[in-house]
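Listing of protein_6.txt; format and content: compact mmCIF, C-alpha atoms.
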# COMPACT_ATOMS: atom_id res chain seq x y z
CA MET C 11 5.43 28.14 43.97
CA GLY C 12 2.71 25.49 44.29
CA LEU C 13 2.24 22.44 42.05
CA LEU C 14 1.94 23.36 38.39
CA ASN C 15 -0.44 21.71 35.94
CA PHE C 16 1.67 21.93 32.82
CA THR C 17 4.81 20.24 34.16
CA ARG C 18 6.11 18.08 36.99
CA ASP C 19 9.72 19.20 36.53
CA PRO C 20 11.13 22.22 38.34
CA VAL C 21 10.79 25.41 36.34
CA PRO C 22 14.02 27.25 35.33
CA GLU C 23 15.06 30.15 37.59
CA ALA C 24 14.81 32.73 34.82
CA VAL C 25 11.08 32.21 34.37
CA SER C 26 9.87 34.40 37.26
CA GLY C 27 12.15 37.22 36.07
CA ASP C 28 10.71 36.86 32.55
CA MET C 29 7.13 36.93 33.86
CA HIS C 30 7.95 40.08 35.79
CA ASN C 31 9.22 41.70 32.57
CA LEU C 32 6.08 40.59 30.77
CA ASN C 33 3.95 42.33 33.36
CA GLN C 34 5.65 45.62 32.37
CA LEU C 35 4.18 45.40 28.85
CA SER C 36 0.99 47.32 28.12
CA ALA C 37 -2.20 45.36 27.29
CA GLN C 38 -1.81 46.15 23.55
CA GLN C 39 1.83 45.07 23.53
CA PHE C 40 0.97 41.82 25.32
CA SER C 41 -1.89 41.17 22.93
CA ALA C 42 0.37 41.72 19.89
CA LEU C 43 3.04 39.42 21.32
CA THR C 44 0.46 36.73 22.11
CA GLU C 45 -0.79 36.90 18.53
CA VAL C 46 2.73 36.32 17.18
CA LEU C 47 3.16 33.38 19.54
CA PHE C 48 -0.09 31.65 18.61
CA ARG C 49 0.53 32.16 14.92
CA PHE C 50 3.78 30.26 15.41
CA LEU C 51 2.17 27.54 17.53
CA THR C 52 -0.50 26.87 14.93
CA GLU C 53 2.06 26.86 12.10
CA PRO C 54 5.21 25.45 13.68
CA LYS C 55 7.03 25.13 10.36
CA GLU C 56 7.11 28.90 9.84
CA VAL C 57 10.22 29.47 11.94
CA GLU C 58 11.70 32.22 9.72
CA ARG C 59 8.46 34.18 9.81
CA PHE C 60 8.22 33.81 13.58
CA LEU C 61 11.74 35.13 14.12
CA THR C 62 11.09 38.07 11.77
CA GLN C 63 7.88 38.98 13.59
CA LEU C 64 9.64 38.80 16.95
CA SER C 65 12.38 41.03 15.67
CA ASP C 66 9.80 43.55 14.34
CA PHE C 67 8.03 43.50 17.70
CA ALA C 68 11.31 44.17 19.50
CA THR C 69 12.14 47.11 17.24
CA MET C 70 8.65 48.65 17.41
CA ASN C 71 8.48 48.45 21.19
CA LYS C 72 12.10 49.38 21.81
CA ILE C 73 12.95 46.09 23.53
CA SER C 74 16.23 44.24 22.97
CA LEU C 75 15.77 41.07 20.96
CA GLY C 76 17.92 38.88 23.25
CA PRO C 77 15.86 39.35 26.42
CA LEU C 78 12.66 39.12 24.33
CA LYS C 79 13.66 35.70 23.03
CA ASN C 80 14.24 34.51 26.59
CA ILE C 81 10.83 35.77 27.62
CA VAL C 82 9.22 34.00 24.70
CA LYS C 83 11.03 30.77 25.59
CA SER C 84 9.60 30.97 29.09
CA ILE C 85 6.08 31.70 27.91
CA LEU C 86 6.11 28.80 25.42
CA LEU C 87 6.82 26.30 28.19
CA VAL C 88 3.23 26.58 29.33
CA PRO C 89 1.28 25.97 26.08
CA ASN C 90 3.63 23.11 25.12
CA GLY C 91 3.06 21.34 28.43
CA ALA C 92 -0.65 22.19 28.38
CA LEU C 93 -1.10 20.56 24.98
CA LYS C 94 0.61 17.34 26.07
CA ARG C 95 -1.56 17.13 29.15
CA ASN C 96 -4.88 18.25 27.68
CA LEU C 97 -5.14 21.17 30.13
CA SER C 98 -8.24 23.34 30.33
CA PRO C 99 -8.06 27.15 29.88
CA GLU C 100 -8.61 27.53 33.65
CA GLN C 101 -5.59 25.37 34.37
CA VAL C 102 -3.45 27.35 31.91
CA ARG C 103 -4.55 30.60 33.59
CA ALA C 104 -3.79 29.20 37.05
CA ASP C 105 -0.29 28.12 35.94
CA PHE C 106 0.59 31.56 34.53
CA ILE C 107 -0.58 33.20 37.75
CA ALA C 108 1.48 30.72 39.77
CA LEU C 109 4.52 31.64 37.64
CA GLY C 110 4.05 35.35 38.44
CA LEU C 111 2.08 36.74 35.50
CA SER C 112 -0.63 39.31 36.30
CA GLU C 113 -4.21 38.03 36.51
CA GLU C 114 -5.30 40.21 33.62
CA LYS C 115 -2.60 38.93 31.27
CA ALA C 116 -3.03 35.33 32.43
CA SER C 117 -6.78 35.49 31.69
CA TYR C 118 -6.13 36.99 28.27
CA PHE C 119 -3.64 34.26 27.37
CA ALA C 120 -5.99 31.55 28.63
CA GLU C 121 -8.75 32.98 26.44
CA GLN C 122 -6.48 32.83 23.38
CA TRP C 123 -5.54 29.30 24.37
CA LYS C 124 -9.21 28.31 24.39
CA VAL C 125 -9.74 29.76 20.93
CA ASN C 126 -6.71 28.05 19.40
CA SER C 127 -7.06 24.78 21.25
CA PRO C 128 -8.85 22.77 18.51
CA THR C 129 -6.18 23.66 15.93
CA LEU C 130 -3.35 22.91 18.31
CA THR C 131 -4.88 19.60 19.36
CA ARG C 132 -5.31 18.55 15.76
CA LEU C 133 -1.65 19.38 15.12
CA ALA C 134 -0.51 17.31 18.08
CA VAL C 135 -2.63 14.35 17.00
CA GLY C 136 -1.19 14.68 13.51
CA GLN C 137 2.30 14.38 14.93
CA THR C 138 1.47 11.07 16.55
CA LEU C 139 3.47 8.08 15.43
CA MET C 140 2.17 6.22 12.40
CA ILE C 141 3.62 2.93 11.20
CA ASN C 142 4.24 2.71 7.46
CA GLN C 143 1.82 5.49 6.73
CA LEU C 144 0.12 5.31 3.35
CA ILE C 145 0.83 8.63 1.66
CA ASP C 146 -0.48 8.14 -1.83
CA MET C 147 -2.02 5.60 -4.16
CA GLU C 148 -1.73 5.61 -7.95
CA TRP C 149 -3.47 3.14 -10.19
CA LYS C 150 -3.90 1.99 -13.71
CA PHE C 151 -5.89 -0.77 -15.24
CA GLY C 152 -5.85 -2.30 -18.68
CA VAL C 153 -6.34 -5.39 -20.72
CA THR C 154 -3.75 -8.08 -21.35
CA ALA C 155 -3.98 -8.63 -25.10
CA GLY C 156 -1.58 -11.55 -25.45
CA SER C 157 1.47 -13.19 -23.99
CA SER C 158 4.27 -15.50 -25.04
CA GLU C 159 2.17 -18.43 -23.86
CA LEU C 160 -1.27 -17.32 -24.99
CA GLU C 161 -1.82 -15.61 -28.31
CA LYS C 162 -5.12 -14.01 -27.34
CA VAL C 163 -5.90 -13.26 -23.74
CA GLY C 164 -8.32 -10.38 -23.12
CA SER C 165 -8.17 -10.33 -19.33
CA ILE C 166 -8.36 -7.19 -17.21
CA PHE C 167 -5.59 -6.35 -14.76
CA LEU C 168 -5.38 -3.63 -12.17
CA GLN C 169 -2.06 -2.23 -10.94
CA LEU C 170 -1.66 -0.17 -7.80
CA LYS C 171 1.34 1.85 -6.71
CA LEU C 172 1.29 2.54 -2.97
CA VAL C 173 3.58 5.24 -1.64
CA ILE C 174 4.51 4.41 1.93
CA LYS C 175 6.41 6.42 4.48
CA LYS C 176 8.92 4.15 6.21
CA GLY C 177 10.65 6.19 8.88
CA SER C 178 11.74 9.28 7.02
CA GLN C 179 11.92 7.69 3.56
CA LEU C 180 9.27 7.06 0.98
CA GLU C 181 8.97 3.61 -0.52
CA ASN C 182 6.93 2.56 -3.54
CA VAL C 183 5.13 -0.76 -3.51
CA TYR C 184 3.66 -2.15 -6.72
CA VAL C 185 0.84 -4.66 -6.63
CA GLU C 186 -1.28 -6.28 -9.27
CA LEU C 187 -4.85 -7.39 -8.65
CA THR C 188 -7.31 -9.42 -10.66
CA LEU C 189 -10.80 -8.09 -11.10
CA PRO C 190 -12.43 -10.28 -8.41
CA GLN C 191 -9.66 -9.27 -6.01
CA PHE C 192 -10.34 -5.62 -6.75
CA TYR C 193 -14.03 -5.93 -5.92
CA SER C 194 -13.22 -7.82 -2.77
CA PHE C 195 -10.65 -5.16 -1.79
CA LEU C 196 -13.16 -2.37 -2.41
CA HIS C 197 -15.76 -4.19 -0.32
CA GLU C 198 -13.33 -4.63 2.58
CA MET C 199 -12.26 -0.97 2.47
CA GLU C 200 -15.90 0.09 2.65
CA ARG C 201 -16.29 -2.07 5.75
CA VAL C 202 -13.24 -0.36 7.27
CA LYS C 203 -14.77 3.04 6.54
CA THR C 204 -17.99 2.06 8.31
CA SER C 205 -15.97 0.86 11.28
CA LEU C 206 -13.86 4.03 11.47
CA GLU C 207 -16.96 6.18 11.22
CA SER C 208 -18.67 4.41 14.07
CA PHE C 209 -15.72 5.28 16.31
CA SER C 210 -15.34 8.92 15.31
CA MET T 13 7.51 -20.50 -26.45
CA ALA T 14 9.10 -22.69 -29.08
CA ALA T 15 7.35 -23.28 -32.38
CA LEU T 16 6.24 -26.66 -33.72
CA ARG T 17 8.82 -28.31 -35.95
CA ASP T 18 8.42 -31.09 -38.49
CA THR T 19 10.94 -33.22 -36.64
CA ASP T 20 8.68 -33.05 -33.60
CA PHE T 21 6.09 -35.31 -35.22
CA GLY T 22 8.70 -37.96 -35.96
CA ALA T 23 9.68 -37.91 -32.29
CA LEU T 24 6.03 -38.16 -31.19
CA GLN T 25 5.73 -41.58 -32.78
CA ILE T 26 8.01 -42.88 -30.02
CA LEU T 27 4.86 -42.76 -27.91
CA LEU T 28 3.76 -45.92 -29.69
CA LYS T 29 6.15 -47.66 -27.32
CA ALA T 30 4.36 -46.31 -24.26
CA PRO T 31 3.01 -48.98 -21.87
CA SER T 32 -0.53 -47.53 -21.63
CA LYS T 33 -2.83 -44.68 -22.62
CA ASP T 34 -2.61 -43.35 -19.07
CA ALA T 35 1.17 -43.21 -19.36
CA VAL T 36 0.77 -41.07 -22.47
CA ARG T 37 -1.75 -38.84 -20.68
CA GLN T 38 0.59 -38.42 -17.71
CA LEU T 39 3.52 -37.59 -19.94
CA CYS T 40 1.51 -34.99 -21.88
CA GLN T 41 0.58 -33.21 -18.66
CA GLU T 42 4.12 -33.24 -17.35
CA CYS T 43 5.52 -31.98 -20.64
CA PHE T 44 3.11 -29.09 -20.79
CA SER T 45 3.70 -27.95 -17.22
CA SER T 46 7.45 -28.26 -17.35
CA PRO T 47 9.43 -25.14 -18.23
CA PRO T 48 11.94 -25.68 -21.08
CA ALA T 49 14.86 -25.85 -18.65
CA ALA T 50 13.34 -28.78 -16.77
CA LEU T 51 12.70 -30.91 -19.87
CA GLY T 52 16.09 -32.65 -19.64
CA PRO T 53 15.49 -34.16 -16.17
CA LEU T 54 11.92 -35.01 -17.22
CA ALA T 55 13.26 -36.95 -20.21
CA GLN T 56 15.60 -38.89 -17.96
CA ARG T 57 12.69 -39.90 -15.74
CA ALA T 58 10.57 -40.92 -18.73
CA CYS T 59 13.35 -42.96 -20.34
CA PRO T 60 12.99 -46.28 -18.48
CA GLY T 61 9.20 -46.37 -18.89
CA LEU T 62 9.48 -46.08 -22.67
CA ALA T 63 12.49 -48.32 -23.23
CA VAL T 64 14.18 -45.81 -25.51
CA SER T 65 17.57 -44.13 -25.57
CA ALA T 66 18.20 -40.95 -23.61
CA GLN T 67 18.41 -38.95 -26.81
CA GLU T 68 15.08 -40.28 -28.12
CA ALA T 69 13.42 -39.57 -24.77
CA GLU T 70 14.64 -36.02 -24.90
CA GLN T 71 13.37 -35.51 -28.46
CA LEU T 72 9.99 -36.91 -27.47
CA VAL T 73 9.65 -34.76 -24.39
CA CYS T 74 10.56 -31.61 -26.34
CA ALA T 75 8.11 -32.51 -29.08
CA LEU T 76 5.25 -33.06 -26.63
CA HIS T 77 6.09 -29.81 -24.86
CA ASN T 78 6.05 -27.90 -28.14
CA LEU T 79 2.82 -29.51 -29.33
CA THR T 80 0.84 -28.93 -26.13
CA ARG T 81 2.12 -25.38 -25.73
CA HIS T 82 1.37 -24.59 -29.33
CA VAL T 83 -2.24 -25.69 -28.96
CA VAL T 84 -2.68 -23.57 -25.84
CA TYR T 85 -0.97 -20.59 -27.44
CA ARG T 86 -3.21 -20.62 -30.50
CA GLY T 87 -6.25 -21.20 -28.32
CA LEU T 88 -7.40 -24.23 -30.34
CA THR T 89 -10.49 -25.84 -28.89
CA ARG T 90 -11.89 -27.99 -31.67
CA ALA T 91 -10.78 -31.50 -32.54
CA GLU T 92 -10.53 -30.66 -36.27
CA ASP T 93 -8.09 -27.81 -35.59
CA ILE T 94 -5.82 -30.04 -33.54
CA LEU T 95 -6.03 -32.99 -35.96
CA CYS T 96 -4.87 -30.89 -38.89
CA LEU T 97 -1.68 -30.01 -37.07
CA PHE T 98 -0.46 -33.55 -37.67
CA PRO T 99 1.17 -34.55 -41.00
CA GLU T 100 -0.65 -36.89 -43.46
CA ASN T 101 1.29 -40.06 -42.69
CA PHE T 102 1.07 -39.79 -38.88
CA HIS T 103 -0.18 -42.89 -37.07
CA GLN T 104 -4.01 -42.59 -36.99
CA ASN T 105 -4.70 -44.06 -33.55
CA LEU T 106 -1.90 -42.13 -31.89
CA LYS T 107 -3.11 -38.94 -33.55
CA ASN T 108 -6.64 -39.50 -32.20
CA LEU T 109 -5.37 -40.36 -28.73
CA LEU T 110 -3.19 -37.28 -28.51
CA THR T 111 -5.99 -35.05 -29.76
CA LYS T 112 -8.36 -36.51 -27.16
CA ILE T 113 -5.87 -36.00 -24.32
CA ILE T 114 -5.13 -32.45 -25.42
CA LEU T 115 -8.81 -31.54 -25.64
CA GLU T 116 -9.39 -32.88 -22.12
CA ASN T 117 -6.65 -30.68 -20.73
CA VAL T 118 -6.62 -27.54 -22.85
CA SER T 119 -8.88 -25.52 -20.57
CA ALA T 120 -6.92 -26.34 -17.41
CA TRP T 121 -3.68 -25.68 -19.27
CA ARG T 122 -4.92 -22.31 -20.41
CA ASN T 123 -5.68 -21.35 -16.80
CA GLU T 124 -2.26 -22.56 -15.78
CA ALA T 125 -0.61 -20.39 -18.45
CA GLN T 126 -2.60 -17.38 -17.36
CA ALA T 127 -1.78 -17.93 -13.71
CA SER T 128 1.94 -18.10 -14.39
CA GLN T 129 1.95 -15.09 -16.71
CA ILE T 130 4.50 -12.41 -15.94
CA SER T 131 3.10 -9.66 -13.82
CA LEU T 132 3.91 -7.21 -11.11
CA PRO T 133 3.93 -8.73 -7.63
CA ARG T 134 0.46 -10.04 -6.96
CA LEU T 135 -1.88 -9.48 -4.07
CA VAL T 136 -2.64 -12.85 -2.51
CA ASP T 137 -4.34 -11.87 0.73
CA MET T 138 -5.50 -8.88 2.67
CA ASP T 139 -6.42 -8.38 6.36
CA TRP T 140 -7.33 -5.29 8.32
CA ARG T 141 -8.02 -4.09 11.82
CA VAL T 142 -9.17 -0.80 13.33
CA ASP T 143 -7.37 0.56 16.39
CA ILE T 144 -8.22 3.53 18.60
CA LYS T 145 -5.19 5.59 19.58
CA THR T 146 -5.68 6.81 23.12
CA SER T 147 -2.40 8.49 23.99
CA SER T 148 0.97 9.51 22.61
CA ASP T 149 4.04 11.49 23.57
CA SER T 150 2.63 14.57 21.88
CA ILE T 151 -0.79 14.44 23.50
CA ALA T 152 -1.92 12.64 26.65
CA ARG T 153 -5.55 11.91 25.87
CA MET T 154 -7.19 11.32 22.54
CA ALA T 155 -9.51 8.89 20.81
CA VAL T 156 -8.40 8.66 17.23
CA PRO T 157 -9.45 5.66 15.15
CA THR T 158 -6.91 4.37 12.66
CA CYS T 159 -6.78 1.43 10.28
CA LEU T 160 -4.00 -1.13 9.91
CA LEU T 161 -4.03 -2.93 6.60
CA GLN T 162 -1.90 -5.98 5.93
CA LEU T 163 -1.29 -6.95 2.32
CA LYS T 164 0.30 -10.28 1.43
CA ILE T 165 2.17 -9.84 -1.78
CA GLN T 166 3.67 -12.61 -3.88
CA GLU T 167 6.63 -11.95 -6.10
CA ASP T 168 6.46 -12.87 -9.78
CA ALA T 169 5.97 -16.64 -9.95
CA ALA T 170 8.34 -17.04 -12.89
CA LEU T 171 11.23 -15.63 -10.91
CA CYS T 172 10.75 -17.82 -7.89
CA GLY T 173 10.10 -21.19 -9.49
CA ASN T 174 8.46 -23.48 -6.98
CA ASN T 175 9.11 -21.34 -3.94
CA PRO T 176 7.13 -18.16 -4.38
CA VAL T 177 8.22 -15.45 -1.99
CA VAL T 178 5.31 -13.94 -0.13
CA SER T 179 5.95 -10.79 1.82
CA ALA T 180 3.58 -9.12 4.23
CA LEU T 181 3.30 -5.36 4.19
CA THR T 182 1.45 -3.59 7.00
CA VAL T 183 0.28 -0.09 6.24
CA GLU T 184 -1.45 2.44 8.47
CA LEU T 185 -4.25 4.62 7.14
CA SER T 186 -5.91 7.57 8.79
CA LYS T 187 -9.58 8.19 8.16
CA GLU T 188 -8.75 10.94 5.65
CA THR T 189 -6.38 8.69 3.71
CA LEU T 190 -9.00 5.95 3.64
CA ASP T 191 -11.63 8.34 2.31
CA THR T 192 -9.30 9.48 -0.46
CA MET T 193 -8.43 5.88 -1.29
CA LEU T 194 -12.10 4.90 -1.47
CA GLU T 195 -12.73 7.81 -3.80
CA GLY T 196 -9.99 6.49 -6.08
CA LEU T 197 -11.28 2.91 -5.89
CA GLY T 198 -14.79 4.16 -6.66
CA ARG T 199 -13.52 5.86 -9.77
CA ILE T 200 -11.85 2.64 -10.86
CA ARG T 201 -15.14 0.77 -10.36
CA ASP T 202 -17.04 3.34 -12.42
CA GLN T 203 -14.54 3.14 -15.24
CA LEU T 204 -14.61 -0.65 -15.16
CA SER T 205 -18.41 -0.61 -15.48
CA ALA T 206 -18.14 1.84 -18.36
CA VAL T 207 -15.71 -0.48 -20.13
CA ALA T 208 -17.84 -3.54 -19.41
CA ASN T 209 -20.96 -1.90 -20.79
CA LYS T 210 -19.40 -0.90 -24.09
Render the structure in this file as structure tokens.
Amino acid sequence: MGLLNFTRDPVPEAVSGDMHNLNQLSAQQFSALTEVLFRFLTEPKEVERFLTQLSDFATMNKISLGPLKNIVKSILLVPNGALKRNLSPEQVRADFIALGLSEEKASYFAEQWKVNSPTLTRLAVGQTLMINQLIDMEWKFGVTAGSSELEKVGSIFLQLKLVIKKGSQLENVYVELTLPQFYSFLHEMERVKTSLESFS
Amino acid sequence: MAALRDTDFGALQILLKAPSKDAVRQLCQECFSSPPAALGPLAQRACPGLAVSAQEAEQLVCALHNLTRHVVYRGLTRAEDILCLFPENFHQNLKNLLTKIILENVSAWRNEAQASQISLPRLVDMDWRVDIKTSSDSIARMAVPTCLLQLKIQEDAALCGNNPVVSALTVELSKETLDTMLEGLGRIRDQLSAVANK
């Protein structure tokens, strides 16, 4: 097998056997299986649903679930590697052919890859590391009427609660701003927005 | 904040022993700014300059503290209002001097009181930078702009005394988060204008 695009590591032995089995499926069966796979790839949290759909596919097509799961594992190697390496549909097609999948099925899969690529890319970007990500911001503002040191005050205060993701935990940070600080903060955030937009 | 007591005015007359008007002025300022707990040490420092006993110094310092804080609390800004705080038989010249000193300082003292008011941790500074993420373990090539915002937050001044603790918090915002935040801040601005225009 020549150099593959989606990985530099040697591919497990079982993969060529799995590709051979895949070739035995009819075009409709392959198309149905591909649909199940992409639905899982675009919604990776829906593991239960994915397993149920695989099991239904196995039953309907009179295939044992065990071997089917192995086949699916082999197939998924390619899109996972392709996503990490920003591969084109042509490269994905070439890799499947190199692994032993028929040209027809490889082209079909590559086509589906092209269609789903934007969603999958967005998901991968979303998984990228963020430091102390700001999740939510709550606010309230009011007037200080009086205090123990000043009988009548009448000044405006603004309180922000920032919800921050630190590692896997959420932390709340409370901050108080005066009115001038608020306007200055708003002004700075608008400058940030302009800057981010110019790079998008 | 302690209330003004009749005995305070008796103690204030000790100021007649002060070496100069400036000494009185200085003492007034120190007594206002000092928290109640620090009045004892302040009295000890004032003692030698006034040639009085430790006990008298302490009574004086407490009285001055109460008087100045009372004026600021009530928000008195006119000479007449301050003058009528004093009892009938109080020394005329001392009364006028104290009123003059208080009037000179009341606005600065009011700001001081407001600045040291209890509050949630306060924002003292804010910096930002925009980065472009070009690569990660989940995807080899990308060009995603992101914002890093650093907020310097000071803990409640009253809790820290003279050493306010300032912590720096760096937060990352995606473009979507920033847009949502700006929406929220815009709403605050609109509501503030509505309140201001009432």
With only C-alpha atoms considered, list every residue of chain C at most 6 Å from chain T, as a PyMOL selection string. chain C and resi 94-95+134+141-144+159-161+185-187+206
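Between Pro77 in chain C and the candidates C:Val25, C:Lys124, C:Pro89, C:Phe50, the tightest atom-to-atom separation, counting only C-alpha atoms, involves C:Val25.
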Any idea what the distance is between CA of Ser41 in chain C and CA of Asn15 in chain C?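 Separating CA of Ser41 in chain C from CA of Asn15 in chain C is a distance of 23.5 Å.
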Put a box with edges along x, y and z around all the listed atoms of range 194-201 of chain C, pad it by 4 Å on each side, then give me its centre and sizes in Å, one decimal, as JSON.
{"center_x": -13.5, "center_y": -3.9, "center_z": 1.5, "size_x": 13.6, "size_y": 15.9, "size_z": 16.5}
In Å, with one decimal, what is the gap from CA of Gly22 in chain T to CA of Cys59 in chain T? 17.0 Å
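Ranking T:Asn117, T:Gln56, T:Gln41, T:Gln25 by their shortest atom-to-atom distance to Phe102 in chain T, with all atoms listed in the file included, puts T:Gln25 first.
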Find the residues with any atom within 12 Å of (11.2, -40.0, -18.0); use only C-alpha atoms and the coordinates as given in the file, and write the answer as a PyMOL selection string. chain T and resi 30+35-36+38-40+42-43+50-74
Interatomic distance, CA of Asn78 in chain T to CA of Phe44 in chain T (Å, one decimal):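 Answer for the CA of Asn78 in chain T to CA of Phe44 in chain T separation: 8.0 Å.
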Could you pull out every residue with an atom within 10 Å of (-3.4, 38.1, 29.0), file coordinates, counting all atoms listed in the file, and send them as a list of chain:residue names?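 Protein and nucleic acid residues near the point are C:Leu32, C:Asn33, C:Ala37, C:Gln38, C:Phe40, C:Ser41, C:Thr44, C:Arg103, C:Phe106, C:Leu111, C:Ser112, C:Glu113, C:Glu114, C:Lys115, C:Ala116, C:Ser117, C:Tyr118, C:Phe119, C:Ala120, C:Glu121, C:Gln122.
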Residues from the last selection, C-alpha atoms, saved as a PDB file, in the coordinates of the input:
ATOM      1  CA  LEU C  32       6.080  40.590  30.770  1.00  0.00           C
ATOM      2  CA  ASN C  33       3.950  42.330  33.360  1.00  0.00           C
ATOM      3  CA  ALA C  37      -2.200  45.360  27.290  1.00  0.00           C
ATOM      4  CA  GLN C  38      -1.810  46.150  23.550  1.00  0.00           C
ATOM      5  CA  PHE C  40       0.970  41.820  25.320  1.00  0.00           C
ATOM      6  CA  SER C  41      -1.890  41.170  22.930  1.00  0.00           C
ATOM      7  CA  THR C  44       0.460  36.730  22.110  1.00  0.00           C
ATOM      8  CA  ARG C 103      -4.550  30.600  33.590  1.00  0.00           C
ATOM      9  CA  PHE C 106       0.590  31.560  34.530  1.00  0.00           C
ATOM     10  CA  LEU C 111       2.080  36.740  35.500  1.00  0.00           C
ATOM     11  CA  SER C 112      -0.630  39.310  36.300  1.00  0.00           C
ATOM     12  CA  GLU C 113      -4.210  38.030  36.510  1.00  0.00           C
ATOM     13  CA  GLU C 114      -5.300  40.210  33.620  1.00  0.00           C
ATOM     14  CA  LYS C 115      -2.600  38.930  31.270  1.00  0.00           C
ATOM     15  CA  ALA C 116      -3.030  35.330  32.430  1.00  0.00           C
ATOM     16  CA  SER C 117      -6.780  35.490  31.690  1.00  0.00           C
ATOM     17  CA  TYR C 118      -6.130  36.990  28.270  1.00  0.00           C
ATOM     18  CA  PHE C 119      -3.640  34.260  27.370  1.00  0.00           C
ATOM     19  CA  ALA C 120      -5.990  31.550  28.630  1.00  0.00           C
ATOM     20  CA  GLU C 121      -8.750  32.980  26.440  1.00  0.00           C
ATOM     21  CA  GLN C 122      -6.480  32.830  23.380  1.00  0.00           C
TER      22      GLN C 122
END
Pick out the closest residue to Pro190 in chain C from this set: C:Ser165, C:Glu100, C:Glu58, C:Lys83. Count all atoms listed in the file.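 Going through C:Ser165, C:Glu100, C:Glu58, C:Lys83 one by one, the smallest distance to Pro190 in chain C is for C:Ser165.
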Near-Asp18 in chain T list (12 Å; only C-alpha atoms; drop same-chain fewer than 6 positions) as a list in words: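 The neighbour list is Leu24, Ala75, Asn78, Leu79, Leu97, Phe98, Pro99, Glu100 and Phe102 of chain T.
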12 Å contact set for Glu53 in chain C, only C-alpha atoms, chain neighbours under 5 positions out, as an NGL selection string: :C and (46-48 or 58-60 or 126 or 129-130 or 132-134)
Missing atoms in range 154-165 of chain C: can you complete it with N, CA, C and O atoms, as a CSV table (one decimal), in the coordinates of the input?
chain,number,residue,atom,x,y,z
C,154,THR,N,-4.9,-7.3,-20.8
C,154,THR,CA,-3.8,-8.1,-21.4
C,154,THR,C,-4.2,-8.6,-22.7
C,154,THR,O,-5.2,-9.4,-22.7
C,155,ALA,N,-3.5,-8.2,-23.8
C,155,ALA,CA,-4.0,-8.6,-25.1
C,155,ALA,C,-3.4,-10.0,-25.4
C,155,ALA,O,-4.1,-10.8,-26.0
C,156,GLY,N,-2.2,-10.3,-25.1
C,156,GLY,CA,-1.6,-11.6,-25.4
C,156,GLY,C,-0.3,-11.7,-24.6
C,156,GLY,O,0.2,-10.8,-24.0
C,157,SER,N,0.2,-12.9,-24.7
C,157,SER,CA,1.5,-13.2,-24.0
C,157,SER,C,2.3,-14.2,-24.8
C,157,SER,O,1.8,-14.7,-25.8
C,158,SER,N,3.5,-14.5,-24.3
C,158,SER,CA,4.3,-15.5,-25.0
C,158,SER,C,3.7,-16.9,-25.0
C,158,SER,O,4.0,-17.8,-25.8
C,159,GLU,N,2.8,-17.1,-24.0
C,159,GLU,CA,2.2,-18.4,-23.9
C,159,GLU,C,0.8,-18.5,-24.4
C,159,GLU,O,0.2,-19.6,-24.6
C,160,LEU,N,0.1,-17.3,-24.5
C,160,LEU,CA,-1.3,-17.3,-25.0
C,160,LEU,C,-1.4,-16.2,-26.0
C,160,LEU,O,-1.3,-15.1,-25.7
C,161,GLU,N,-1.8,-16.6,-27.2
C,161,GLU,CA,-1.8,-15.6,-28.3
C,161,GLU,C,-2.9,-14.5,-28.1
C,161,GLU,O,-2.6,-13.4,-28.2
C,162,LYS,N,-4.1,-15.0,-27.6
C,162,LYS,CA,-5.1,-14.0,-27.3
C,162,LYS,C,-5.6,-14.2,-25.9
C,162,LYS,O,-5.9,-15.3,-25.5
C,163,VAL,N,-5.5,-13.1,-25.1
C,163,VAL,CA,-5.9,-13.3,-23.7
C,163,VAL,C,-7.2,-12.5,-23.4
C,163,VAL,O,-8.2,-13.1,-23.2
C,164,GLY,N,-7.1,-11.2,-23.4
C,164,GLY,CA,-8.3,-10.4,-23.1
C,164,GLY,C,-8.7,-10.4,-21.7
C,164,GLY,O,-9.9,-10.3,-21.4
C,165,SER,N,-7.8,-10.4,-20.7
C,165,SER,CA,-8.2,-10.3,-19.3
C,165,SER,C,-7.8,-9.0,-18.8
C,165,SER,O,-6.8,-8.3,-19.2
